[in-house]
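K.L.:
First, the structure itself, so that you have it in front of you.
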Amino acid sequence: THEPRTGEKMHQTIIVHRSTFAVFHVHPYNGGMWPSTPQNNAAGNNLGDTGFADKVGFDIYVVSRSGLTVYSPRQKQMMIVRTGMDWAKVRGCQ
């Protein structure tokens, strides 16, 4: 499900449906490539991306200028899925 724009700065409220299995979101240019943590997040909410993932039990993916990363609450680990942004280019479009 695509969440509507809320106008929030450095934070996005989302609705979690029963069928949700992962959340993808974009970090701003200077936001870093890794999912935020309870100790280090712009909202200062003691959750961040990883705390939210631990709470709801599904993966949190971050698209940034450096690539695509994920936090897995099952493995309690952050991983690089893809580096750079070449993977996001659609071939043949002008």
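Residues in the structure tokens are named by chain (A, B, ... in the order shown) and by number from 1 within that chain; ligands are numbered from 1 in the order shown.
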DSSP on the backbone: what in chain A comes out strand (DSSP E or B), as a list in words?
P.N.:
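DSSP-assigned strand (DSSP E or B) residues in chain A: Ala22, Val23, Phe24, His25, Val26, Thr37, Asn40, Asp59, Ile60, Tyr61, Val62, Val63, Ser64, Gly67, Leu68, Thr69, Val70, Tyr71, Ser72, Gln77, Met78, Met79, Ile80, Val81, Arg82 and Thr83 of chain A.
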K.L.:
Residues near Asp59 (chain A), anyone? I mean within 8 Å using only C-alpha atoms, not counting same-chain ones fewer than 3 positions away, as a PyMOL selection string.
P.N.:
chain A and resi 21-23+53+70-73
K.L.:
Put those residues in a file: C-alpha atoms, as a compact mmCIF listing (two decimals), in the first residue's frame.
P.N.:
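Resulting contents of out_28.txt:
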# COMPACT_ATOMS: atom_id res chain seq x y z
CA PHE A 21 5.35 -7.87 5.35
CA ALA A 22 7.84 -5.03 4.81
CA VAL A 23 8.11 -1.26 4.66
CA ALA A 53 10.60 -3.21 12.87
CA VAL A 70 17.37 -3.51 5.13
CA TYR A 71 16.94 -4.24 8.81
CA SER A 72 15.63 -7.70 9.65
CA PRO A 73 14.02 -8.01 13.09
K.L.:
Could you check how far CA of Val56 (chain A) sits from CA of Leu68 (chain A), in Å to one decimal?
P.N.:
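Value for the CA of Val56 (chain A)-CA of Leu68 (chain A) distance: 20.7 Å.
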K.L.:
With only C-alpha atoms as the counted atoms, please give the residues lying no more than 7 Å from Asp49 (chain A), apart from itself and same-chain residues fewer than 6 positions off, as a ChimeraX atom specification.
P.N.:
/A:35-37,60
K.L.:
Pick out the residues sitting within 12 Å of Ser64 (chain A), and hand them over as a list in words; count only C-alpha atoms, and ignore anything fewer than 6 positions along from it in its own chain.
P.N.:
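Surrounding residues, per the criterion: Phe24, His25, Val26, His27, Pro28, Tyr29, Asn30, Gly31, Gly32, Met33, Trp34, Pro35, Val70, Ile80, Val81, Arg82, Thr83, Gly84, Met85 and Ala88 of chain A.
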K.L.:
Write the residues of the selection above to a file with C-alpha atoms, as a PDB file, in the first residue's frame.
P.N.:
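File written: result.pdb
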ATOM      1  CA  PHE A  24      10.163   0.585   2.060  1.00  0.00           C
ATOM      2  CA  HIS A  25      10.955   4.258   2.550  1.00  0.00           C
ATOM      3  CA  VAL A  26      13.407   6.879   1.341  1.00  0.00           C
ATOM      4  CA  HIS A  27      15.959   8.714   3.430  1.00  0.00           C
ATOM      5  CA  PRO A  28      16.794  12.283   2.365  1.00  0.00           C
ATOM      6  CA  TYR A  29      20.100  13.076   0.661  1.00  0.00           C
ATOM      7  CA  ASN A  30      21.884  13.668   3.970  1.00  0.00           C
ATOM      8  CA  GLY A  31      19.884  11.053   5.900  1.00  0.00           C
ATOM      9  CA  GLY A  32      22.318   8.183   5.649  1.00  0.00           C
ATOM     10  CA  MET A  33      21.970   4.743   4.143  1.00  0.00           C
ATOM     11  CA  TRP A  34      21.095   2.716   7.241  1.00  0.00           C
ATOM     12  CA  PRO A  35      17.742   2.340   8.982  1.00  0.00           C
ATOM     13  CA  VAL A  70      17.371  -3.507   5.132  1.00  0.00           C
ATOM     14  CA  ILE A  80      23.249  -3.861   2.291  1.00  0.00           C
ATOM     15  CA  VAL A  81      20.955  -5.180  -0.448  1.00  0.00           C
ATOM     16  CA  ARG A  82      22.340  -3.061  -3.322  1.00  0.00           C
ATOM     17  CA  THR A  83      24.948  -0.318  -3.472  1.00  0.00           C
ATOM     18  CA  GLY A  84      24.571   2.796  -5.596  1.00  0.00           C
ATOM     19  CA  MET A  85      21.477   3.646  -7.595  1.00  0.00           C
ATOM     20  CA  ALA A  88      16.862   1.735  -9.941  1.00  0.00           C
TER      21      ALA A  88
END
K.L.:
Name the closest residue to Gln39 (chain A) among the candidates A:Gly57, A:Thr20, A:Gly51, A:Gln75; distances are taken between atoms, counting only C-alpha atoms.
P.N.:
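Closest to Gln39 (chain A) of all the choices is A:Gly51.
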K.L.:
Write out as a VMD selection string all residues of chain A that backbone DSSP assigns to alpha helix (DSSP H).
P.N.:
chain A and resid 48 to 56
K.L.:
With distances taken over only C-alpha atoms, which residue among A:Asn40, A:His17, A:Phe58, A:Thr50 lies nearest Gln77 (chain A)?
P.N.:
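Closest to Gln77 (chain A), using only C-alpha atoms: A:Thr50.
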